[in-house]
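Enquirer: Supplied in structure tokens, the structure appears directly below.
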Amino acid sequence: MQKLFLQKSICNRVKFFRKLLERLIEGLLMLSGGLTSLIVVLIVVFLFREGLGIFGSPSMETSSVLVVNKSNPIKSLTAAQIKNIFDQNITHWNEIGGKKDTIILFRIDDLTNYVSEEEVGANLENVPACLNKVVDSIPNILAFLPANKIPKNFKGVIVPSEKISPGTFLGGKEWFPTAEPAAQMGVLPLILGTLLVSFVAILIALPLGLSTAIYMGEIAPDGIRRIMKPVIELLAGIPSVVYGFFGLVVIVPLIKNAFGLDVGETALSGSIILAIMALPTIITISEDAMRNTPRAMKEASLALGATKWQTIYKVVIPYSASGITAAAILGIGRAVGETMAVLMVTGNASVMPHSILQPVRTIPATIAAELGEAPQGGLHYQALFALGCILFLITLIINLSVESISKRKKGERH
Amino acid sequence: MLTVMEEKIASTEVPIIPKQEIPASNVVEQKIKIQTKGVNLHYGEFHALKGITMTMQEKTVTALIGPSGCGKSTYLRLFNRMNDLIPNVNIEGYVLVDGKDIYERGVHVDELRKNVGMVFQKPNPFPKTIFENVAYGLRVNGITDKNFIAERVERSLEQAALWDEVKDKMKKSAFELSGGQQQRLCIARALAVEPSILLMDEPASALDPISSAKIEELIYELKSKYTIIIVTHNMQQAGRVSDHTAFFYMGELIETNTTKEIFTNPQNIRTQNYITGRFG
Amino acid sequence: MNIDHDKIFRSKRNKQNFAFWTFRILSFGIAGILFWILGFIVMHGIKVISWDFITKMPEDGMTKGGIMPAIVGTLTLVAGSIIFAFPLGIMAGIYMNEYAREGFLKRFIQVMTNNLAGIPSIVFGLFGMSLFVNKLHFGDSILAGSLTLGILVLPIVIRTTEEALKAVDDSFRIGSLALGASKWQTTSRVILPSAFPNIITGLILSIGRVSGETAPILFTCAAYFLPKLPHSIMDQVMALPYHLYVIATSGTNITESRPIAYGTALVLIAIVLIMNILANILRRYFGKKVKTN
Ligand SMILES: Nc1ncnc2c1ncn2[C@@H]1O[C@H](COP(=O)(O)OP(=O)(O)OP(=O)(O)O)[C@@H](O)[C@H]1O
Ligand SMILES: [Mg+2]
């Protein structure tokens, strides 16, 4: 009697532990299921925390200041104006709304042109006083000075450096993040460069990819399809540096000779390599979509005397239009985010793109090329993270639109 | 080549139906429209049609009956070469339409299929407008004249007894129609290209009794112009619409005769069992 | 109305022929591109490949010698990332396919996983740098690099697992549950073993992907040149893809190190190729086994 009871209680306990184990495992699995969501959130937090820091920061490092004479009506300068002045593109104050006179640029090294060595002092102890004098005596001066050399009773006027706003960041046409005295943080050329390279790539890849998808899905005999599948898979598997290397040693010289250019590293070279890289995505997804065309539709068309080709373009392609769209969008996504291959073949000139036979620079290539040299936490570093945010947002939009396309498709079928 | 073929057929024993047994409506003129001779079809290893030899007269309705999986659809799809779409299909023997072997080299399937229309078991309109559904066959056959197409679409819809129901919504999607209307639309679509043969694979099985009756009525009317072959599981339907009936069993043609004869005086015990509902 | 059917048929057949030949030629052209790339790299690379090449340190400003540290580095990074990503990814895949109920949560996780899969690799690099290198103070290290790469393949592993599990027939689940087995027992003893071949094949392919990634390791672990092999997971490493990038674009002497670049590219491609072939062999092997059973 007692024994039986004992057995029963052991049995119960075993059951209890087994249940506990089940729950534990389920919890663990659930946690790992949520991991991707957590990572996406973390990526957003870390990217935007660093990237958004750039907005509101002055475009000049705080260690130096720009100074004008107190009689000068101009009391502020934009980063672009500063660059143009120091590049000698702007030489007169009236070009930026001031007096008619020539701008006299002054850097700390020029001090001895204005005052004698004795005045400065053997240990340079009088530099602040001298600067004060010089700035005060030249009405048309624009002086670029270290902040710690500005004296207390300064007679000049410190020009507040422009704060970087989303407008100047996104709309600026110049990207010289390390320019002195003011960094030029305009990412428009990078955005346009990225879009140009990607769209041309898709323009090349889409017709090729669709042709291959149609061939593999609708025309090719089984044997050939069985060979093509792994070929496409392999094409997708080749690392992007290898594509970049191939582009560098084969495509770049090819473009250079074909168009008689001085440099072969152009947007077109990037687009060609990106097109090859986007092909597997486009082929696999659009072939999948075409394969989903109901057999009844195809048979109905063929039974009316349509040729296979007529059936393909009148029934199969319209039916899989949304899948094909998704394929194109994902292909663009792949192209927009591609880093190494583009970095190696596009020449990376950060200018507004005018033609596809010019060097361009894309967002990912900029990040890859510059992040190594940007001091952590600095303006440049933040700007690169902000670029990362833009890239993230572009790909997010792409993913969500594909998601909604495929969802709509599912809805249609039910 | 052709004459050789015809000789071959002439020398084979095909069950020619004695004249007096043909229903009155078809006495006018008897012409052989379709003929198969010793047709064997394999799906890979599977032997789906076993030496089928049979004749179908012009402007008559032939019903193919038999238990599920016996090869009726496979046989029907021989005549417009729909089986060609399936990989690993192997066909032997002769299939003659208007005396020509349609499996011969040099025969173009698109030409053949224009002449041999097909209506499927499940209505399968295209995701296009009602008008475009019917016009599709004309367009793919190279007709561009707008007036001609409009006329033909109207006539085909009238023939399919659908015109009055859809004439005000030609621009609407075909999916807005009821199942029965969709099936008649598919019939109109098939008629628009003016085939001489109409293949129907259980055209009414997915429909309600009223729509089904409408289709039957339609078939009865169409047979004055078309040679119709219909697959059906419904014995009453076969009895009502067909002039001839062929009974298939496990890939073999067991018996073929006038419908009246098959239903009143079947020669084979399996036919008898089937039509009396004892198996299948 | 007079319709010349013969002419129409001829014209539509001609159109079809034209279209089909175009597609055929373009498709073979695309296959041709692959063979062109492979052929080009193999032709140039094979001259450089030798036992010394894969077992020696780089010499003379990376214009001579071997690429052994880069190979070791890449293998280390692959190992590190899969140790992290495979178990977690498989568990997540199991959760998604076997446990999660249809509804908002499942849909949300799916969307997030898809998003993660779509994020460009350079963004993973930024993230890895900011979280692992800076915030967690791992510095440029194997640990930081492996984790970054691990995050990158995680969605691929999850998807592979999900697909493999989806392919398992529902009758297996119902059968096992009907015998009184618990959910986990069913999953671990019945479902996983039959999904195993597909999971393994997918995972092998993802190894190829990890070994070729450059952007995520640029700022998390990759070293331009190291005179010796790393000793701990907190050390920097050389890696094949980064090495190729460096000697192809910014080495001390680009023309003289070109042969080394071809050799490195060939080794990289060989890794991907081997993984692909392995996956295909396994697929075939398991495919046969399932059939004969
Ligand atoms: N594509 C195919 N591949 C392999 N076997 C097939 C294929 N299509 C049909 N079969 C086989 O051929 C046989 C005949 O099929 P068929 O569709 O002609 O039958 P059926 O008489 O029309 O049946 P039902 O009345 O159910 O429509 C069946 O046993 C079927 O399993
Ligand atoms: Mg059937």
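In the structure tokens, chains take the letters A, B, ... in the order shown, each chain's residues start at 1, and ligands count up from 1 in the order shown.
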Where in stretch 2-207 of chain A does DSSP assign strand (DSSP E or B), given as a list in words?

Expert: Pro58, Ser64, Val65, Leu66, Val67, Val68, Leu77, His92, Thr102, Ile104, Leu105, Phe106, Arg107, Ile141, Leu142, Ala143, Phe144, Leu145, Pro146, Val157, Ile158, Val159, Ser161, Lys163, Trp175, Phe176, Gln184 and Met185 of chain A

Enquirer: Name each residue within 12 Å of ligand 1, counting only C-alpha atoms and all ligand atoms, as an mmCIF file with C-alpha atoms, in the first residue's frame.

Expert:
```
data_model
loop_
_atom_site.group_PDB
_atom_site.id
_atom_site.type_symbol
_atom_site.label_atom_id
_atom_site.label_comp_id
_atom_site.auth_asym_id
_atom_site.auth_seq_id
_atom_site.Cartn_x
_atom_site.Cartn_y
_atom_site.Cartn_z
ATOM 1 C CA ARG A 295 -1.386 25.779 -64.463
ATOM 2 C CA ASN B 40 -0.589 3.948 -75.628
ATOM 3 C CA LEU B 41 0.319 6.668 -73.199
ATOM 4 C CA HIS B 42 2.803 6.440 -70.356
ATOM 5 C CA TYR B 43 3.335 8.936 -67.561
ATOM 6 C CA GLY B 44 6.893 7.887 -66.831
ATOM 7 C CA GLU B 45 6.475 4.243 -65.844
ATOM 8 C CA PHE B 46 2.748 4.450 -65.444
ATOM 9 C CA HIS B 47 0.720 3.042 -68.311
ATOM 10 C CA ALA B 48 -2.265 5.398 -68.440
ATOM 11 C CA LEU B 49 -3.829 4.565 -71.818
ATOM 12 C CA LYS B 50 -3.651 1.050 -73.152
ATOM 13 C CA LEU B 64 -16.283 9.540 -72.076
ATOM 14 C CA ILE B 65 -17.249 7.809 -68.867
ATOM 15 C CA GLY B 66 -15.496 5.639 -66.355
ATOM 16 C CA PRO B 67 -14.301 5.551 -62.780
ATOM 17 C CA SER B 68 -11.888 8.173 -61.484
ATOM 18 C CA GLY B 69 -8.324 7.722 -62.673
ATOM 19 C CA CYS B 70 -9.242 5.529 -65.628
ATOM 20 C CA GLY B 71 -7.699 7.889 -68.145
ATOM 21 C CA LYS B 72 -10.633 9.902 -69.495
ATOM 22 C CA SER B 73 -8.953 13.269 -69.111
ATOM 23 C CA THR B 74 -5.701 11.883 -70.421
ATOM 24 C CA TYR B 75 -7.507 10.588 -73.483
ATOM 25 C CA LEU B 76 -9.335 13.857 -74.022
ATOM 26 C CA ARG B 77 -6.140 15.848 -73.753
ATOM 27 C CA LEU B 78 -4.640 13.798 -76.553
ATOM 28 C CA MET B 82 -2.266 19.157 -73.858
ATOM 29 C CA ASN B 83 -0.402 16.142 -72.521
ATOM 30 C CA ASP B 84 2.698 17.504 -74.220
ATOM 31 C CA LEU B 85 3.022 20.004 -71.375
ATOM 32 C CA ILE B 86 3.633 17.272 -68.855
ATOM 33 C CA PRO B 87 7.237 16.115 -68.617
ATOM 34 C CA ASN B 88 7.992 12.425 -69.127
ATOM 35 C CA VAL B 89 4.916 11.656 -71.164
ATOM 36 C CA ASN B 90 5.356 9.037 -73.843
ATOM 37 C CA PHE B 120 -11.812 22.683 -68.351
ATOM 38 C CA GLN B 121 -13.347 21.158 -65.282
ATOM 39 C CA LYS B 122 -12.917 24.238 -63.144
ATOM 40 C CA MET B 200 -15.014 19.407 -72.393
ATOM 41 C CA ASP B 201 -13.537 17.892 -69.260
ATOM 42 C CA GLU B 202 -16.341 17.592 -66.712
ATOM 43 C CA PRO B 203 -17.543 21.085 -67.616
ATOM 44 C CA SER B 205 -19.034 19.163 -62.242
ATOM 45 C CA ILE B 230 -17.248 15.454 -73.101
ATOM 46 C CA VAL B 231 -15.913 13.756 -70.011
ATOM 47 C CA THR B 232 -18.511 13.284 -67.333
ATOM 48 C CA HIS B 233 -19.096 11.422 -64.122
ATOM 49 C CA ASN B 234 -22.773 12.050 -64.297
ATOM 50 C CA ALA B 246 -17.219 5.309 -74.474
ATOM 51 C CA PHE B 247 -16.558 3.499 -71.234
ATOM 52 C CA PHE B 248 -12.986 3.489 -69.921
ATOM 53 C CA TYR B 249 -11.620 1.315 -67.174
ATOM 54 C CA MET B 250 -8.032 1.336 -65.863
ATOM 55 C CA GLY B 251 -6.659 2.877 -69.027
ATOM 56 C CA GLU B 252 -8.530 0.590 -71.365
ATOM 57 C CA LEU B 253 -11.452 1.331 -73.623
ATOM 58 C CA GLY B 280 -16.668 3.510 -59.358
#
```

Enquirer: Could you work out how far atom CA of A:Asn399 lies from atom CA of C:Thr214, giving the answer in Å with one decimal?

Expert: 22.7 Å

Enquirer: Have a look at B:Phe79, B:Phe148, B:Phe131, B:Phe126 and name the one nearest to chain C; count only C-alpha atoms.

Expert: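 Checking each candidate against chain C, we get B:Phe148 as the closest.
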
Enquirer: Taking only C-alpha atoms into account, report as a ChimeraX atom specification which residues of chain C lie within 9 Å of chain B.

Expert: /C:1,3,5,8-9,11-13

Enquirer: For the residues in that selection, give me N, CA, C and O atoms as a CSV table (one decimal), in the first residue's frame.

Expert:
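Contents of out-v2.csv, as written:
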```csv
chain,number,residue,atom,x,y,z
C,1,MET,N,-14.6,38.9,-94.0
C,1,MET,CA,-13.2,39.3,-93.8
C,1,MET,C,-12.2,38.2,-94.1
C,1,MET,O,-12.4,37.0,-93.8
C,3,ILE,N,-8.8,36.4,-93.6
C,3,ILE,CA,-7.7,36.4,-92.7
C,3,ILE,C,-6.7,35.3,-93.2
C,3,ILE,O,-7.1,34.2,-93.4
C,5,HIS,N,-4.5,33.0,-92.3
C,5,HIS,CA,-4.1,32.3,-91.1
C,5,HIS,C,-2.6,31.8,-91.1
C,5,HIS,O,-1.9,31.9,-90.2
C,8,ILE,N,-0.3,34.6,-90.3
C,8,ILE,CA,-0.4,34.9,-88.8
C,8,ILE,C,0.4,33.8,-88.0
C,8,ILE,O,1.2,34.2,-87.1
C,9,PHE,N,0.1,32.6,-88.4
C,9,PHE,CA,0.8,31.5,-87.6
C,9,PHE,C,2.3,31.6,-87.8
C,9,PHE,O,3.1,31.4,-86.8
C,11,SER,N,4.0,34.2,-88.5
C,11,SER,CA,4.6,35.4,-87.8
C,11,SER,C,4.7,35.1,-86.3
C,11,SER,O,5.6,35.5,-85.6
C,12,LYS,N,3.6,34.5,-85.7
C,12,LYS,CA,3.7,34.3,-84.2
C,12,LYS,C,4.7,33.3,-83.9
C,12,LYS,O,5.4,33.4,-82.8
C,13,ARG,N,4.9,32.3,-84.8
C,13,ARG,CA,6.0,31.3,-84.5
C,13,ARG,C,7.4,32.0,-84.6
C,13,ARG,O,8.2,31.7,-83.8
```

Enquirer: List as a list in words the protein and nucleic acid residues near B:Val241, meaning an atom at most 8 Å away when only C-alpha atoms are counted, but skip any in the same chain fewer than 4 places from it.

Expert: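 Those residues are Val61, Glu216, Ile219, Tyr220 and Gln237 of chain B.
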
Enquirer: Neighbours of B:Leu157 within 9 Å (only C-alpha atoms; same-chain residues fewer than 6 positions away dropped), as JSON, numbers by chain?

Expert: {"B": [134, 163, 164, 166, 167, 184, 185, 187, 188, 189, 191, 192]}

Enquirer: Next, dump the selected residues to file, keeping only all heavy atoms, as a compact mmCIF listing (two decimals), in the first residue's frame.

Expert:
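Just written: part.txt:
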```
# COMPACT_ATOMS: atom_id res chain seq x y z
N VAL B 134 -12.89 36.84 -73.77
CA VAL B 134 -13.39 36.23 -75.01
C VAL B 134 -12.51 36.63 -76.20
O VAL B 134 -12.27 35.85 -77.11
CB VAL B 134 -14.85 36.62 -75.25
CG1 VAL B 134 -15.41 35.90 -76.46
CG2 VAL B 134 -15.69 36.29 -74.02
N TRP B 163 -24.71 36.24 -73.37
CA TRP B 163 -24.72 37.64 -73.83
C TRP B 163 -25.67 38.51 -73.03
O TRP B 163 -25.29 39.58 -72.55
CB TRP B 163 -25.04 37.68 -75.33
CG TRP B 163 -25.19 39.08 -75.85
CD1 TRP B 163 -26.34 39.66 -76.29
CD2 TRP B 163 -24.17 40.07 -75.99
NE1 TRP B 163 -26.11 40.94 -76.69
CE2 TRP B 163 -24.76 41.22 -76.51
CE3 TRP B 163 -22.80 40.09 -75.71
CZ2 TRP B 163 -24.06 42.38 -76.77
CZ3 TRP B 163 -22.09 41.24 -75.96
CH2 TRP B 163 -22.72 42.37 -76.49
N ASP B 164 -26.90 38.04 -72.85
CA ASP B 164 -27.89 38.87 -72.18
C ASP B 164 -27.48 39.19 -70.74
O ASP B 164 -27.80 40.23 -70.21
CB ASP B 164 -29.25 38.17 -72.18
CG ASP B 164 -29.81 38.11 -73.59
OD1 ASP B 164 -29.48 39.03 -74.38
OD2 ASP B 164 -30.55 37.16 -73.91
N VAL B 166 -24.34 39.49 -69.59
CA VAL B 166 -23.10 40.26 -69.40
C VAL B 166 -22.96 41.47 -70.32
O VAL B 166 -21.99 42.20 -70.23
CB VAL B 166 -21.85 39.37 -69.57
CG1 VAL B 166 -21.86 38.24 -68.57
CG2 VAL B 166 -21.75 38.85 -71.00
N LYS B 167 -23.94 41.67 -71.18
CA LYS B 167 -23.71 42.70 -72.20
C LYS B 167 -23.49 44.10 -71.62
O LYS B 167 -22.86 44.94 -72.24
CB LYS B 167 -24.83 42.72 -73.23
CG LYS B 167 -26.18 43.11 -72.68
CD LYS B 167 -27.20 43.18 -73.82
CE LYS B 167 -28.57 43.49 -73.28
NZ LYS B 167 -29.58 42.53 -73.72
N ARG B 184 -19.58 29.36 -68.65
CA ARG B 184 -20.12 29.69 -69.97
C ARG B 184 -19.21 30.71 -70.66
O ARG B 184 -19.07 30.68 -71.89
CB ARG B 184 -21.55 30.20 -69.85
CG ARG B 184 -22.55 29.03 -69.81
CD ARG B 184 -23.97 29.50 -69.69
NE ARG B 184 -24.25 29.96 -68.34
CZ ARG B 184 -25.10 30.95 -68.04
NH1 ARG B 184 -25.73 31.59 -69.01
NH2 ARG B 184 -25.30 31.29 -66.80
N LEU B 185 -18.59 31.56 -69.85
CA LEU B 185 -17.63 32.50 -70.44
C LEU B 185 -16.45 31.73 -71.05
O LEU B 185 -15.98 32.04 -72.15
CB LEU B 185 -17.10 33.46 -69.36
CG LEU B 185 -16.10 34.51 -69.83
CD1 LEU B 185 -16.79 35.55 -70.70
CD2 LEU B 185 -15.41 35.18 -68.65
N ILE B 187 -16.63 28.77 -72.21
CA ILE B 187 -17.12 28.15 -73.44
C ILE B 187 -17.12 29.19 -74.57
O ILE B 187 -16.64 28.93 -75.68
CB ILE B 187 -18.53 27.55 -73.23
CG1 ILE B 187 -18.45 26.39 -72.24
CG2 ILE B 187 -19.13 27.08 -74.56
CD1 ILE B 187 -19.78 25.80 -71.84
N ALA B 188 -17.61 30.40 -74.25
CA ALA B 188 -17.61 31.46 -75.26
C ALA B 188 -16.18 31.75 -75.72
O ALA B 188 -15.93 31.96 -76.91
CB ALA B 188 -18.23 32.73 -74.68
N ARG B 189 -15.28 31.75 -74.78
CA ARG B 189 -13.88 32.01 -75.11
C ARG B 189 -13.36 30.97 -76.08
O ARG B 189 -12.64 31.29 -77.03
CB ARG B 189 -13.07 31.98 -73.80
CG ARG B 189 -11.63 32.33 -73.94
CD ARG B 189 -10.97 32.39 -72.58
NE ARG B 189 -10.91 31.07 -71.95
CZ ARG B 189 -10.41 30.86 -70.73
NH1 ARG B 189 -9.96 31.86 -70.02
NH2 ARG B 189 -10.38 29.65 -70.23
N LEU B 191 -15.24 29.19 -78.13
CA LEU B 191 -15.96 29.27 -79.39
C LEU B 191 -15.47 30.43 -80.26
O LEU B 191 -15.56 30.37 -81.49
CB LEU B 191 -17.46 29.44 -79.14
CG LEU B 191 -18.15 28.27 -78.44
CD1 LEU B 191 -19.62 28.60 -78.22
CD2 LEU B 191 -18.00 26.99 -79.24
N ALA B 192 -14.93 31.47 -79.60
CA ALA B 192 -14.58 32.69 -80.33
C ALA B 192 -13.57 32.44 -81.45
O ALA B 192 -13.58 33.12 -82.46
CB ALA B 192 -14.04 33.74 -79.36
```

Enquirer: Just want the 6 Å neighbourhood of stretch 43-51 of chain A, counted on only C-alpha atoms, with same-chain residues fewer than 5 positions away dropped. Output as a list in words.

Expert: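 Everything that qualifies: Gln382, Phe385 and Ala386 of chain A; Phe127 of chain C.
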
Enquirer: Measuring between only C-alpha atoms, which one of C:Tyr95, C:Tyr285, C:Phe28, C:Trp21 shows the shortest distance to chain A?

Expert: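 Closest residue, counting only C-alpha atoms: C:Tyr95.
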
Enquirer: For a test of reading the model, state the distance in Å between atom CA of B:Gly137 and atom CA of A:Ala306, rounded to one decimal.

Expert: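 Those two atoms sit 7.2 Å apart.
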